file upload_31.cif (mmCIF, C-alpha atoms)
data_data
#
loop_
_atom_site.label_atom_id
_atom_site.label_comp_id
_atom_site.auth_asym_id
_atom_site.auth_seq_id
_atom_site.Cartn_x
_atom_site.Cartn_y
_atom_site.Cartn_z
CA MET A 1 -10.90 -1.18 -8.58
CA ILE A 2 -14.02 0.54 -9.85
CA LEU A 3 -12.59 3.98 -10.49
CA LYS A 4 -15.57 5.93 -9.24
CA LYS A 5 -14.12 8.84 -7.35
CA SER A 6 -12.40 11.59 -9.24
CA ILE A 7 -8.98 12.71 -8.18
CA HIS A 8 -10.38 16.17 -7.50
CA GLU A 9 -12.98 14.82 -5.10
CA LEU A 10 -10.35 12.93 -3.16
CA LYS A 11 -7.75 15.70 -3.34
CA THR A 12 -9.92 18.21 -1.54
CA SER A 13 -10.94 15.85 1.21
CA ARG A 14 -7.67 14.01 1.87
CA GLY A 15 -4.76 16.15 0.88
CA LYS A 16 -2.29 16.19 -1.95
CA VAL A 17 -0.21 13.29 -0.63
CA ASP A 18 -3.11 10.88 -0.69
CA ALA A 19 -4.26 12.16 -4.08
CA GLU A 20 -0.86 11.36 -5.54
CA ASP A 21 -0.81 7.93 -3.85
CA LEU A 22 -4.25 7.23 -5.27
CA ARG A 23 -3.21 8.27 -8.75
CA LEU A 24 -0.26 5.92 -8.59
CA LEU A 25 -2.37 3.09 -7.18
CA GLN A 26 -4.86 3.44 -10.00
CA ARG A 27 -2.01 2.97 -12.44
CA VAL A 28 -0.69 0.03 -10.47
CA ALA A 29 -4.15 -1.53 -10.84
CA ILE A 30 -3.56 -1.61 -14.59
CA LYS A 31 -0.10 -3.07 -13.99
CA ASP A 32 1.97 0.03 -14.72
CA LYS A 33 5.36 -0.89 -13.29
CA VAL A 34 6.71 2.65 -13.50
CA ALA A 35 3.90 3.84 -11.23
CA PHE A 36 4.50 0.88 -8.91
CA GLU A 37 8.14 1.81 -8.43
CA LYS A 38 7.17 5.40 -7.61
CA LEU A 39 4.62 4.18 -5.07
CA TYR A 40 7.20 1.80 -3.60
CA ALA A 41 9.74 4.62 -3.21
CA ARG A 42 7.14 6.84 -1.53
CA LEU A 43 6.00 4.26 0.99
CA TYR A 44 9.24 2.39 1.67
CA PRO A 45 10.58 4.70 4.45
CA GLN A 46 7.29 4.79 6.34
CA LEU A 47 6.70 1.04 6.10
CA SER A 48 10.30 0.20 7.02
CA ARG A 49 10.19 2.32 10.15
CA TYR A 50 6.81 1.02 11.22
CA LEU A 51 7.69 -2.64 10.71
CA SER A 52 11.10 -2.19 12.32
CA ARG A 53 9.51 -0.91 15.50
CA LEU A 54 6.58 -3.29 15.37
CA MET A 55 8.46 -6.54 14.88
CA ARG A 56 11.75 -5.66 16.61
CA ARG A 57 13.43 -7.90 14.04
CA PRO A 58 15.53 -5.80 11.63
CA ASP A 59 16.44 -8.92 9.66
CA MET A 60 12.79 -9.48 8.73
CA VAL A 61 11.75 -5.95 7.82
CA GLU A 62 12.75 -5.99 4.16
CA GLU A 63 11.00 -9.29 3.51
CA VAL A 64 7.76 -8.08 5.12
CA VAL A 65 7.90 -4.73 3.27
CA ASN A 66 8.19 -6.66 0.02
CA ASP A 67 5.41 -9.08 1.00
CA THR A 68 3.22 -6.06 1.70
CA LEU A 69 3.93 -4.30 -1.57
CA PHE A 70 3.57 -7.51 -3.55
CA VAL A 71 0.01 -7.68 -2.22
CA VAL A 72 -0.44 -4.06 -3.34
CA TRP A 73 0.72 -5.04 -6.84
CA GLU A 74 -1.64 -8.01 -6.97
CA LYS A 75 -4.66 -6.43 -5.31
CA ALA A 76 -4.49 -2.73 -6.22
CA GLU A 77 -7.77 -2.93 -8.06
CA GLN A 78 -9.50 -4.07 -4.87
CA PHE A 79 -8.88 -0.76 -3.11
CA GLN A 80 -12.29 0.76 -2.52
CA GLY A 81 -11.25 4.29 -1.54
CA ARG A 82 -12.84 4.14 1.91
CA SER A 83 -9.57 5.15 3.57
CA LYS A 84 -6.31 6.81 2.59
CA VAL A 85 -4.07 4.69 0.39
CA SER A 86 -1.33 4.73 3.05
CA THR A 87 -3.84 3.55 5.68
CA TRP A 88 -4.87 0.61 3.50
CA ILE A 89 -1.28 -0.36 2.80
CA THR A 90 -0.18 0.05 6.44
CA GLY A 91 -3.04 -2.27 7.40
CA ILE A 92 -1.64 -4.90 5.05
CA ALA A 93 1.83 -4.35 6.56
CA TYR A 94 0.49 -4.79 10.09
CA LEU A 95 -1.09 -8.15 9.23
CA LYS A 96 1.99 -9.30 7.34
CA GLY A 97 4.21 -8.32 10.26
CA ILE A 98 2.06 -10.17 12.80
CA LYS A 99 1.92 -13.27 10.59
CA ALA A 100 5.68 -13.21 10.07
CA LEU A 101 6.23 -13.18 13.81
CA ASP A 102 3.61 -15.88 14.35
CA ARG A 103 5.50 -18.06 11.93
CA LEU A 104 8.56 -17.68 14.06
CA ARG A 105 6.42 -18.13 17.18
CA MET A 106 8.41 -15.49 18.92
CA MET A 107 7.14 -13.09 21.52
CA PRO A 108 8.94 -9.76 21.08
CA GLU A 109 8.75 -9.24 24.82
CA GLN A 110 11.15 -12.12 25.25
CA GLN A 111 13.74 -10.13 23.39
CA ALA A 112 13.82 -7.38 26.02
CA GLN A 113 17.29 -6.65 27.24
CA SER A 114 18.50 -6.88 30.81
CA LEU A 115 16.36 -3.89 31.61
CA HIS A 116 13.70 -6.16 33.08
CA GLU A 117 16.12 -7.19 35.77
CA ALA A 118 17.20 -3.63 36.47
CA GLU A 119 14.92 -2.80 39.37
CA ASP A 120 17.20 -0.26 40.87
CA ILE A 121 16.83 3.30 39.56
CA GLU A 122 20.54 3.91 39.67
CA GLU A 123 21.17 0.80 37.67
CA LYS A 124 18.58 1.89 35.10
CA SER A 125 20.21 5.29 34.87
CA ASN A 126 23.57 3.69 34.27
CA LEU A 127 22.04 1.58 31.56
CA ILE A 128 20.80 4.70 29.76
CA SER A 129 24.32 6.05 29.71
CA LYS A 130 25.67 2.77 28.49
CA LEU A 131 23.15 2.04 25.82
CA GLY A 132 22.43 5.47 24.44
CA LEU A 133 19.07 7.11 23.99
CA GLN A 134 18.04 5.24 20.88
CA GLU A 135 18.55 1.84 22.38
CA TRP A 136 16.92 2.97 25.60
CA ILE A 137 13.77 3.91 23.71
CA SER A 138 14.08 0.69 21.78
CA ASN A 139 14.22 -1.30 24.99
CA GLY A 140 11.34 0.70 26.39
CA LEU A 141 9.23 -0.23 23.39
CA ASP A 142 10.16 -3.84 24.02
CA GLN A 143 8.36 -3.67 27.32
CA ILE A 144 4.99 -3.10 25.76
CA SER A 145 2.98 -5.60 23.74
CA ILE A 146 3.13 -5.69 19.96
CA ASP A 147 -0.37 -4.25 19.64
CA GLN A 148 0.42 -1.44 22.09
CA ARG A 149 3.64 -0.78 20.21
CA SER A 150 1.74 -0.63 16.94
CA VAL A 151 -0.62 2.01 18.35
CA VAL A 152 2.28 4.08 19.73
CA GLU A 153 4.15 3.90 16.45
CA LEU A 154 1.16 4.76 14.33
CA THR A 155 0.26 7.69 16.60
CA TYR A 156 3.64 9.28 17.28
CA PHE A 157 5.70 8.38 14.25
CA SER A 158 3.12 8.16 11.53
CA GLY A 159 0.65 10.73 12.88
CA TYR A 160 -2.51 8.68 12.29
CA SER A 161 -5.82 9.43 13.97
CA TYR A 162 -7.31 6.78 16.27
CA GLN A 163 -9.96 6.01 13.64
CA GLU A 164 -7.28 5.35 11.03
CA ILE A 165 -5.38 3.16 13.50
CA ALA A 166 -8.59 1.17 14.11
CA ASP A 167 -8.87 0.67 10.33
CA ILE A 168 -5.25 -0.44 10.08
CA MET A 169 -5.40 -2.85 13.00
CA LYS A 170 -8.94 -4.02 12.24
CA CYS A 171 -10.16 -3.39 15.78
CA PRO A 172 -12.71 -1.13 17.46
CA VAL A 173 -11.78 2.47 18.22
CA ASN A 174 -12.10 1.86 21.96
CA THR A 175 -9.56 -0.95 21.71
CA VAL A 176 -7.09 1.50 20.14
CA LYS A 177 -7.62 3.98 22.96
CA THR A 178 -7.24 1.27 25.62
CA ARG A 179 -4.02 -0.06 24.10
CA MET A 180 -2.60 3.45 24.00
CA PHE A 181 -3.67 4.02 27.60
CA HIS A 182 -1.75 0.97 28.82
CA ALA A 183 1.28 1.80 26.67
CA ARG A 184 1.35 5.30 28.10
CA ARG A 185 1.36 3.99 31.63
CA LYS A 186 4.38 1.82 30.94
CA LEU A 187 6.30 4.43 28.96
CA ALA A 188 5.59 7.11 31.56
CA LYS A 189 7.70 5.16 34.07
CA LEU A 190 10.69 5.62 31.78
CA LEU A 191 10.17 9.32 31.34
CA PRO A 192 11.83 10.77 34.44
CA LEU A 193 15.01 8.86 33.64
CA LEU A 194 14.88 9.91 30.02
CA GLU A 195 14.44 13.54 30.96
CA GLU A 196 17.57 13.47 33.10
CA HIS A 197 19.50 12.60 30.02
CA THR A 198 17.80 14.82 27.46
CA SER A 199 17.56 18.12 29.26
CA ALA A 200 19.41 21.12 27.84
CA GLY A 201 23.15 20.85 27.90
CA VAL A 202 23.22 17.11 28.36
CA ASP A 203 24.05 15.20 25.23
CA ILE A 204 23.56 11.52 25.02
CA ASP A 205 26.15 9.75 23.02
CA ARG A 206 24.09 7.54 20.78
CA GLU A 207 26.84 5.06 20.28
CA LYS A 208 27.27 2.28 22.82
CA ILE A 209 29.67 3.12 25.55
CA ASP A 210 31.72 0.15 26.47
CA MET B 211 -21.77 14.27 29.22
CA GLU B 212 -20.98 13.86 32.93
CA LYS B 213 -17.90 15.64 34.24
CA LYS B 214 -16.12 12.41 35.16
CA SER B 215 -16.77 10.83 31.79
CA VAL B 216 -15.61 14.01 30.02
CA HIS B 217 -12.38 13.81 31.97
CA GLU B 218 -11.93 10.13 31.17
CA GLU B 219 -12.71 10.65 27.52
CA VAL B 220 -10.34 13.62 27.18
CA PHE B 221 -7.62 11.73 29.03
CA LYS B 222 -7.83 8.97 26.43
CA LEU B 223 -7.88 11.42 23.52
CA LEU B 224 -4.76 13.32 24.56
CA PRO B 225 -2.25 11.38 22.38
CA TRP B 226 -4.28 12.33 19.29
CA PHE B 227 -4.61 15.87 20.51
CA THR B 228 -0.81 16.10 20.65
CA ASN B 229 -0.39 14.60 17.16
CA GLU B 230 -3.07 17.02 15.90
CA SER B 231 -5.28 14.40 14.30
CA LEU B 232 -8.50 15.01 16.23
CA GLU B 233 -11.64 16.21 14.50
CA GLU B 234 -12.64 19.78 15.28
CA LYS B 235 -15.40 18.85 17.72
CA GLU B 236 -13.15 16.61 19.79
CA ARG B 237 -10.32 19.12 19.68
CA ASP B 238 -12.64 21.80 21.07
CA LEU B 239 -13.79 19.40 23.81
CA VAL B 240 -10.17 18.68 24.80
CA MET B 241 -9.14 22.33 24.79
CA ALA B 242 -12.13 23.34 26.89
CA HIS B 243 -11.36 20.61 29.43
CA LEU B 244 -7.65 21.40 29.56
CA ARG B 245 -8.45 24.93 30.69
CA GLU B 246 -9.92 23.55 33.92
CA CYS B 247 -8.09 20.26 34.56
CA LEU B 248 -4.55 20.34 35.91
CA GLU B 249 -4.15 16.57 35.74
CA CYS B 250 -4.90 16.53 32.02
CA ARG B 251 -2.57 19.46 31.38
CA LYS B 252 0.25 17.58 33.10
CA GLU B 253 -0.58 14.48 31.10
CA ARG B 254 -0.60 16.50 27.87
CA ASP B 255 2.81 17.95 28.68
CA GLN B 256 4.17 14.50 29.46
CA LEU B 257 2.82 13.09 26.21
CA GLN B 258 4.42 15.92 24.27
CA ARG B 259 7.74 15.11 25.91
CA ILE B 260 7.38 11.40 25.09
CA GLU B 261 6.48 12.29 21.52
CA ALA B 262 9.51 14.59 21.20
CA ILE B 263 11.86 11.96 22.62
CA VAL B 264 10.41 9.15 20.54
CA LYS B 265 10.73 11.27 17.38
CA GLU B 266 14.32 12.06 18.29
CA THR B 267 15.08 8.39 17.80
CA ASP B 268 13.81 8.36 14.24
CA GLU B 269 15.81 5.70 12.43
CA VAL B 270 17.66 6.28 9.22
CA VAL B 271 16.16 4.17 6.46
CA SER B 272 18.24 2.86 3.60
CA ASN B 273 17.52 3.68 -0.04
CA TYR B 274 14.54 1.73 -1.37
CA ARG B 275 16.17 0.53 -4.56
CA PHE B 276 18.03 -2.44 -3.12
CA SER B 277 14.83 -3.88 -1.62
CA TYR B 278 12.79 -3.01 -4.70
CA ASN B 279 15.19 -4.95 -6.93
CA LYS B 280 14.60 -7.99 -4.76
CA LEU B 281 10.85 -7.72 -5.30
CA LEU B 282 11.04 -7.29 -9.07
CA PRO B 283 11.58 -10.98 -9.96
CA ARG B 284 8.44 -11.90 -7.98
CA ILE B 285 6.44 -9.31 -9.87
CA GLU B 286 7.76 -10.40 -13.22
CA GLU B 287 7.06 -14.03 -12.38
CA ALA B 288 3.50 -13.12 -11.39
CA GLU B 289 3.02 -11.22 -14.67
CA LEU B 290 4.39 -14.12 -16.69
CA ALA B 291 2.05 -16.52 -14.89
CA ARG B 292 -0.86 -14.16 -15.59
CA GLU B 293 0.01 -13.91 -19.28
CA ASN B 294 0.48 -17.65 -19.64
CA ALA B 295 -2.85 -18.28 -17.91
CA ALA B 296 -4.53 -15.87 -20.31
CA GLY B 297 -2.95 -17.67 -23.27
CA GLN B 298 -3.93 -21.08 -21.97
CA ASN B 299 -7.51 -19.95 -21.48
CA GLU B 300 -7.68 -19.14 -25.18
CA GLU B 301 -6.25 -22.55 -26.10
CA VAL B 302 -8.70 -24.30 -23.77
CA LYS B 303 -11.60 -22.47 -25.46
CA VAL B 304 -10.44 -23.74 -28.83
CA ARG B 305 -9.87 -27.30 -27.54
CA ASN B 306 -13.33 -27.38 -25.96
CA TRP B 307 -14.86 -26.58 -29.32
CA LEU B 308 -12.93 -29.28 -31.16
CA PRO B 309 -15.25 -32.20 -30.47
CA VAL B 310 -18.30 -30.15 -31.47
CA ALA B 311 -16.56 -28.82 -34.55
CA GLY B 312 -15.39 -32.33 -35.39
CA ILE B 313 -18.90 -33.79 -35.18
CA ALA B 314 -20.36 -30.94 -37.21
CA ALA B 315 -17.69 -31.32 -39.86
CA SER B 316 -18.25 -35.07 -39.99
CA LEU B 317 -21.96 -34.62 -40.47
CA MET B 318 -21.44 -32.10 -43.24
CA LEU B 319 -18.97 -34.40 -44.90
CA ALA B 320 -21.34 -37.33 -44.60
CA VAL B 321 -24.07 -35.26 -46.23
CA GLY B 322 -21.65 -34.33 -48.95
CA LEU B 323 -20.66 -37.94 -49.46
CA ILE B 324 -24.23 -39.08 -49.60
CA GLY B 325 -25.05 -36.32 -51.99
CA VAL B 326 -22.16 -36.86 -54.38
CA TYR B 327 -21.73 -40.61 -53.58
CA GLN B 328 -17.90 -40.41 -53.79
CA VAL B 329 -16.27 -43.32 -51.94
CA GLY B 330 -12.82 -42.99 -50.42
CA LEU B 331 -12.76 -39.35 -49.46
CA ALA B 332 -11.42 -39.15 -45.91
CA PRO B 333 -12.82 -36.47 -43.54
CA GLN B 334 -10.36 -33.64 -43.01
CA PRO B 335 -9.26 -33.10 -39.44
CA ILE B 336 -10.06 -29.71 -37.98
CA VAL B 337 -6.85 -27.88 -37.37
CA PRO B 338 -7.24 -25.11 -34.84
CA GLN B 339 -5.82 -21.83 -35.90
CA ALA B 340 -2.75 -20.69 -34.05
CA VAL B 341 -3.85 -18.75 -31.01
CA ALA B 342 -2.22 -15.41 -30.52
CA THR B 343 -0.58 -15.44 -27.11
CA ASP B 344 1.39 -12.28 -27.51
CA PHE B 345 -0.19 -10.54 -24.53
CA ARG B 346 1.81 -7.57 -23.48
CA THR B 347 1.34 -5.83 -20.21
CA LEU B 348 2.52 -2.42 -19.15
CA THR B 349 5.31 -4.10 -17.23
CA THR B 350 7.90 -3.01 -19.74
CA GLN B 351 7.87 0.28 -21.52
CA THR B 352 6.82 -0.17 -25.13
CA GLN B 353 9.70 0.60 -27.43
CA MET B 354 8.61 3.24 -29.89
CA VAL B 355 10.55 3.13 -33.11
CA GLY B 356 8.66 5.65 -35.20
CA GLU B 357 7.32 9.10 -34.54
CA THR B 358 5.22 9.23 -31.39
CA THR B 359 2.21 11.31 -30.51
CA ARG B 360 0.62 12.06 -27.20
CA VAL B 361 -3.03 11.31 -26.81
CA ALA B 362 -5.34 12.14 -23.93
CA LEU B 363 -7.51 9.10 -23.27
CA THR B 364 -10.58 9.43 -21.07
CA PHE B 365 -12.25 6.30 -19.79
CA GLU B 366 -15.87 5.65 -18.92
CA GLN B 367 -16.66 6.02 -15.22
CA PRO B 368 -16.89 3.66 -13.47
CA VAL B 369 -14.55 1.37 -15.32
CA GLN B 370 -13.01 -1.96 -14.42
CA ALA B 371 -9.22 -1.96 -14.13
CA VAL B 372 -9.03 -4.99 -16.41
CA THR B 373 -10.97 -3.11 -19.12
CA MET B 374 -8.60 -0.16 -18.90
CA ARG B 375 -5.62 -2.45 -19.00
CA LYS B 376 -6.89 -4.19 -22.14
CA ALA B 377 -7.45 -0.83 -23.80
CA LEU B 378 -3.95 0.37 -22.99
CA ILE B 379 -2.40 -2.89 -24.20
CA GLU B 380 -4.44 -2.70 -27.39
CA THR B 381 -3.07 0.76 -28.12
CA HIS B 382 0.54 -0.40 -27.55
CA SER B 383 1.10 2.76 -25.56
CA ASN B 384 3.18 4.10 -22.71
CA ILE B 385 1.49 6.03 -19.92
CA ILE B 386 3.00 9.48 -19.54
CA SER B 387 0.78 10.88 -16.80
CA GLY B 388 -2.61 10.61 -15.14
CA PRO B 389 -5.22 9.95 -14.20
CA ASP B 390 -6.30 13.55 -13.70
CA GLU B 391 -9.52 14.75 -12.09
CA SER B 392 -11.62 13.56 -15.02
CA GLY B 393 -9.97 10.12 -15.19
CA THR B 394 -7.89 11.03 -18.26
CA TYR B 395 -4.50 9.49 -18.98
CA VAL B 396 -1.94 10.98 -21.34
CA ILE B 397 -0.40 8.17 -23.35
CA GLU B 398 2.31 8.05 -25.95
CA VAL B 399 1.41 6.16 -29.13
CA GLU B 400 2.71 5.51 -32.60
CA ILE B 401 0.07 6.34 -35.18
CA PRO B 402 0.19 3.73 -37.98
CA PRO B 403 1.52 5.28 -41.19
CA ALA B 404 -1.63 4.32 -43.10
CA MET B 405 -3.87 6.33 -40.77
CA SER B 406 -4.39 10.02 -40.27
CA GLY B 407 -4.45 11.44 -36.76
CA GLU B 408 -8.23 11.79 -36.79
CA GLU B 409 -8.73 8.27 -38.11
CA TYR B 410 -6.54 6.95 -35.33
CA LEU B 411 -8.47 8.89 -32.70
CA GLN B 412 -11.70 7.48 -34.12
CA SER B 413 -10.30 3.96 -33.76
CA LEU B 414 -9.34 4.67 -30.15
CA ARG B 415 -12.84 5.86 -29.34
CA LYS B 416 -14.22 2.51 -30.46
CA ILE B 417 -12.19 0.60 -27.88
CA GLU B 418 -14.28 -0.80 -25.02
CA GLY B 419 -14.14 1.46 -21.97
CA VAL B 420 -12.86 4.53 -23.81
CA ARG B 421 -15.17 7.52 -23.55
CA TYR B 422 -13.08 9.99 -25.48
CA ALA B 423 -9.71 10.43 -27.12
CA ARG B 424 -8.03 13.61 -28.29
CA LEU B 425 -4.55 14.71 -29.14
CA GLY B 426 -2.80 15.54 -25.87
CA GLU B 427 0.03 17.90 -24.93
#
call {"tool": "encode", "arguments": {"input": "upload_31.cif", "output": "structure tokens"}}
result
Amino acid sequence: MILKKSIHELKTSRGKVDAEDLRLLQRVAIKDKVAFEKLYARLYPQLSRYLSRLMRRPDMVEEVVNDTLFVVWEKAEQFQGRSKVSTWITGIAYLKGIKALDRLRMMPEQQAQSLHEAEDIEEKSNLISKLGLQEWISNGLDQISIDQRSVVELTYFSGYSYQEIADIMKCPVNTVKTRMFHARRKLAKLLPLLEEHTSAGVDIDREKID
Amino acid sequence: MEKKSVHEEVFKLLPWFTNESLEEKERDLVMAHLRECLECRKERDQLQRIEAIVKETDEVVSNYRFSYNKLLPRIEEAELARENAAGQNEEVKVRNWLPVAGIAASLMLAVGLIGVYQVGLAPQPIVPQAVATDFRTLTTQTQMVGETTRVALTFEQPVQAVTMRKALIETHSNIISGPDESGTYVIEVEIPPAMSGEEYLQSLRKIEGVRYARLGE
């Protein structure tokens, strides 16, 4: 990493969080393990959540998080500063997650629960009660493609702009917008049922109801 | 922009309007359009509800340490491989010079033999000097046994990471903080007993990549 930009220059344009990430990454580039652990601790929650929702394979998340951060350790000096540090690292995580699933040759859509067969609205509503809100959302996310899911996750959970998502997923901005458009259409079908169960005074028991 | 295309564009931008990541110009475009488009207002409201519900399902993430400890052996193995490769490179450099050094030594010896005309003296084999392979990285904190001092070390800009790393290894230091806005690190060092503080700082300033060194806080 050619350390051209000063911390001050980056701090004013990106925010304090990114300035601190950059400071730590610069130290990782010179193989400072103390700094690496701090960076790991900072990014671990965000990466875990993202990969968990992206891959729909909780058993693989830890391995892919570590694969991602190992690349950060090895390649920290290659960071050019054209994006936020978290954007760069999330981009690595996205590719690692996709590759991990490719290796398994699994389509996440195939893991969708019996929801696909539940055509009847009443049956769907009963399923919400049975599964709990969290699993309902989880199953809803299963109905969209991995790329659409990535866009939804990066937008709603991680708060990235569409330009940052394009950088992470290495695709044009219009592709990001199109993927989100299609994901919205699918998720919107779930919304009326969700609202029945999340309106004031109605608590969803998040544990499975047998 | 045509009215229809404004509507279509705003419709697509709404998720990033709700997560508040739009640039000012686009945000103004969306807000102006929302004032006159019922369909987009309904879509915005729906997206806000989806966002709220999706965020409600935020998963609890376990403590990082367990996963980090699983990654550590890989990192240490990579560092060991890097250090061994650096040591082997030095040995290869010496080995590559052996034949040349051997020939040169033989020629010199032959000249000496011819000059002195002493029969029976065998040429001495060239023994390479032991190569120092004690490369230390910043992987482990340097154990300071004596009194330590904090020094603020400023590097040239731009500077290669490998140059900085060499400088920090050469100083046998621990990084305390940095870099700050000027690219300065505060490091903890042990000043050799034979040197004064100023002499030590002078020696630091001679290290490749170092622009300036001063006693830090």
call {"tool": "residues_around", "arguments": {"input": "upload_31.cif", "residues": "B:Glu418", "least_positions_apart": "6", "cutoff": "10 Å", "atoms": "all atoms listed in the file", "output": "list in words"}}
result
Phe365, Glu366, Val369, Thr373, Met374, Lys376 and Ala377 of chain B
call {"tool": "residues_around", "arguments": {"input": "upload_31.cif", "residues": "B:Glu398", "least_positions_apart": "5", "cutoff": "6 Å", "atoms": "only C-alpha atoms", "output": "number ranges by chain"}}
result
B: 359-360, 383-384
call {"tool": "resolve_selection", "arguments": {"input": "upload_31.cif", "expression": "the PyMOL selection byres ((chain B) within 8 of (chain A))", "output": "CSV table (one decimal) with C-alpha atoms, keeping the file's coordinate frame"}}
result
chain,number,residue,atom,x,y,z
B,222,LYS,CA,-7.8,9.0,26.4
B,223,LEU,CA,-7.9,11.4,23.5
B,225,PRO,CA,-2.2,11.4,22.4
B,226,TRP,CA,-4.3,12.3,19.3
B,229,ASN,CA,-0.4,14.6,17.2
B,230,GLU,CA,-3.1,17.0,15.9
B,231,SER,CA,-5.3,14.4,14.3
B,232,LEU,CA,-8.5,15.0,16.2
B,256,GLN,CA,4.2,14.5,29.5
B,260,ILE,CA,7.4,11.4,25.1
B,261,GLU,CA,6.5,12.3,21.5
B,264,VAL,CA,10.4,9.2,20.5
B,265,LYS,CA,10.7,11.3,17.4
B,267,THR,CA,15.1,8.4,17.8
B,269,GLU,CA,15.8,5.7,12.4
B,271,VAL,CA,16.2,4.2,6.5
B,272,SER,CA,18.2,2.9,3.6
B,274,TYR,CA,14.5,1.7,-1.4
B,275,ARG,CA,16.2,0.5,-4.6
B,277,SER,CA,14.8,-3.9,-1.6
B,278,TYR,CA,12.8,-3.0,-4.7
B,281,LEU,CA,10.8,-7.7,-5.3
B,284,ARG,CA,8.4,-11.9,-8.0
B,285,ILE,CA,6.4,-9.3,-9.9
B,347,THR,CA,1.3,-5.8,-20.2
B,348,LEU,CA,2.5,-2.4,-19.2
B,349,THR,CA,5.3,-4.1,-17.2
B,350,THR,CA,7.9,-3.0,-19.7
B,367,GLN,CA,-16.7,6.0,-15.2
B,368,PRO,CA,-16.9,3.7,-13.5
B,369,VAL,CA,-14.6,1.4,-15.3
B,370,GLN,CA,-13.0,-2.0,-14.4
B,371,ALA,CA,-9.2,-2.0,-14.1
B,372,VAL,CA,-9.0,-5.0,-16.4
B,374,MET,CA,-8.6,-0.2,-18.9
B,375,ARG,CA,-5.6,-2.4,-19.0
B,385,ILE,CA,1.5,6.0,-19.9
B,388,GLY,CA,-2.6,10.6,-15.1
B,389,PRO,CA,-5.2,10.0,-14.2
B,390,ASP,CA,-6.3,13.6,-13.7
B,391,GLU,CA,-9.5,14.8,-12.1
B,392,SER,CA,-11.6,13.6,-15.0
B,393,GLY,CA,-10.0,10.1,-15.2
call {"tool": "residues_around", "arguments": {"input": "upload_31.cif", "residues": "A:Ala100", "least_positions_apart": "6", "cutoff": "10 Å", "atoms": "all atoms listed in the file", "output": "ChimeraX atom specification"}}
result
/A:55,60-61,63-64,67,94,106
call {"tool": "atom_distance", "arguments": {"input": "upload_31.cif", "atom1": "atom CA of B:Gln258", "atom2": "atom CA of A:Leu95"}}
result
28.9 Å
call {"tool": "resolve_selection", "arguments": {"input": "upload_31.cif", "expression": "the PyMOL selection byres ((chain A and resi 91) around 9)", "output": "PyMOL selection string"}}
result
chain A and resi 86-90+92-96+165+167-170
call {"tool": "closest_residue", "arguments": {"input": "upload_31.cif", "among": "B:Glu246, B:Glu357, B:Glu234, B:Glu266", "to": "B:Pro402", "atoms": "only C-alpha atoms"}}
result
B:Glu357
